[in-house]
Amino acid sequence: LLLAACGPKPIEGPEQTGILVVVTRSSPSTYYISPSGQPTGFEYDLVSRFAEANGWRLRVEAVASLDELFERIDNGTAHVAAAGLTATPARDLKYTLGPKYAEVTEQIICRSEKDLPKRPKDLAGKRIEVVANSSHVDALWWLRLRHPSLKWSEVSANGEDELLERVQSGLSDCTVADSTAFTIARHFYPDLGVAMELGKPRPLVWLMPKNTPLALSKKLEEFFAALKKSGELKQLQERYFGHIQRLEEADVRGILERRTSLLVRYRPLFQQAQMETGLDWRFLAALAYQESHWDPNATSPTGVRGMMMLTGETADRLGVKNRLDPLESILGGARYVLTLKEGLPVRIPEPDRTWMALAAYNMGMAHLEDARRLTASLGKNPDAWKDVKDVLPLLAQSAYQDKLKFGFARGGEARYLAENVRIYYDILLKYEPAY
Ligand code: LEU
């Protein structure tokens, strides 16, 4: 009875029960459910590998706030918190910290229509909201030592997304986000920008109760050491963060390197797709490079997967059963491009219709139609790629929302996708023979 009054009973270790209990936060940079219903995300992939390496079953629980996350570790009802947590001196005192597995900078994010604040003193008088109990609060205290006028309010949340949303809609002026989180979120909140960085990059670590047995923290160290050594950690970082980061600049060096190491392996599959659809295999390979860097297991926080990064819904429509099967994915992607091209008015000439089909591949035909209608209403040519591509980024701007039938779309991203594929296609035309 006395014990019950003291709150929940601590659980036994995974060595005793065979189950690893992990608390995390649901967010695009940590853990989320993919459209096909599978749990996924950077942290999820890491913890499931850790459990598997030790022959344990895994129980992952997503909490609603950081307060709740720490409470679960404090009261011993979870073994590990794996949630994009930054190593801070205070946490080091209170908890057992695992090895560093990534690095983030903490960034002050504000709306960029107006002038972004450049120096800490520009932040005076701004309404700044941060996640309560986060490393960001700790970083702000450090800044405040030198800038005593700095003020902020702490909001109980499980991550930055809600607070970014509030900045975007004008309910606050700035917030703080980890570079990993903002790399993904900036595609959803096109009006936000990085005002400044808060100090140096800091490590991300898993966090465990102070009384965690030495054997468990040893296992954690060995696990991460092996993951680093095999290159798998780099690969996971690339899968979840790298591709998106580089979305805007064509990765010319990368495609040349991987042409000899990876493309050779998949060339026959692209050629088979050419036979079926009539689309140049080098064009399909260029699209696949942009989408996944020729990684058949690629996954994005928005739920698209596989070599050609199909959504679950598109895959179903195209009869693709397993999106991670390279041949199925390539054939499905090729058929999809073909369908999109055929859906465009016949008067649109080549190559413009190909680039427009690519934009639709990324954001859907409905949004491309919106973009073409908007192009026309701005007095430009809706059948010319050079005009449509300049209008695409406007689909994400609030000022244009009431002119759009299908609403907000990340048109800037669709534009980059199409433009990058053009660059990659040019490169492959130069180096790879026609089939
Ligand atoms: N890295 C941050 C922290 O450790 C994440 C938080 C904002 C959800 O507190």
# chains A, B, ... in the order shown; residues from 1 in each chain; ligands from 1

$ residues_near_ligand --ligand "ligand 1" --cutoff "7 Å" --atoms "only C-alpha atoms and all ligand atoms" --output "NGL selection string"
:A and (66 or 84-87 or 131 or 133-136 or 158-160 or 177-178)

$ residues_around --residues "Phe270 in chain A" --least-positions-apart "5" --cutoff "9 Å" --atoms "only C-alpha atoms" --output "list in words"
Met275, Asp280, Trp281, Arg282, Leu284, Ala285, Leu327, Ile330, Leu331 and Ala334 of chain A

$ closest_residue --among "A:Leu143, A:Gly303, A:Cys174, A:Pro99" --to "Glu129 in chain A" --atoms "only C-alpha atoms"
A:Cys174

$ residues_around --residues "range 252-265 of chain A" --least-positions-apart "6" --cutoff "10 Å" --atoms "only C-alpha atoms" --output "list in words"
Ala285, Ala286, Tyr289, Gln290, His293, Trp294, Asp295, Asn420, Ile423, Tyr424, Ile427, Leu428, Tyr431 and Glu432 of chain A

$ residues_around --residues "Glu221 in chain A" --least-positions-apart "5" --cutoff "9 Å" --atoms "only C-alpha atoms" --output "PyMOL selection string"
chain A and resi 98-99+216+226

$ write_last_selection --atoms "N, CA and C atoms" --output "PDB file, in the first residue's frame"
ATOM      1  N   GLY A  98      24.235   7.519 -22.713  1.00  0.00           N
ATOM      2  CA  GLY A  98      24.862   6.599 -23.654  1.00  0.00           C
ATOM      3  C   GLY A  98      25.858   7.335 -24.526  1.00  0.00           C
ATOM      4  N   PRO A  99      26.506   6.604 -25.463  1.00  0.00           N
ATOM      5  CA  PRO A  99      27.469   7.243 -26.358  1.00  0.00           C
ATOM      6  C   PRO A  99      26.793   8.205 -27.340  1.00  0.00           C
ATOM      7  N   LEU A 216      24.388  -3.071 -18.763  1.00  0.00           N
ATOM      8  CA  LEU A 216      23.527  -2.514 -19.810  1.00  0.00           C
ATOM      9  C   LEU A 216      24.217  -1.349 -20.519  1.00  0.00           C
ATOM     10  N   ALA A 226      29.933  -0.765 -32.759  1.00  0.00           N
ATOM     11  CA  ALA A 226      29.813  -1.649 -33.923  1.00  0.00           C
ATOM     12  C   ALA A 226      29.062  -0.949 -35.059  1.00  0.00           C
TER      13      ALA A 226
END
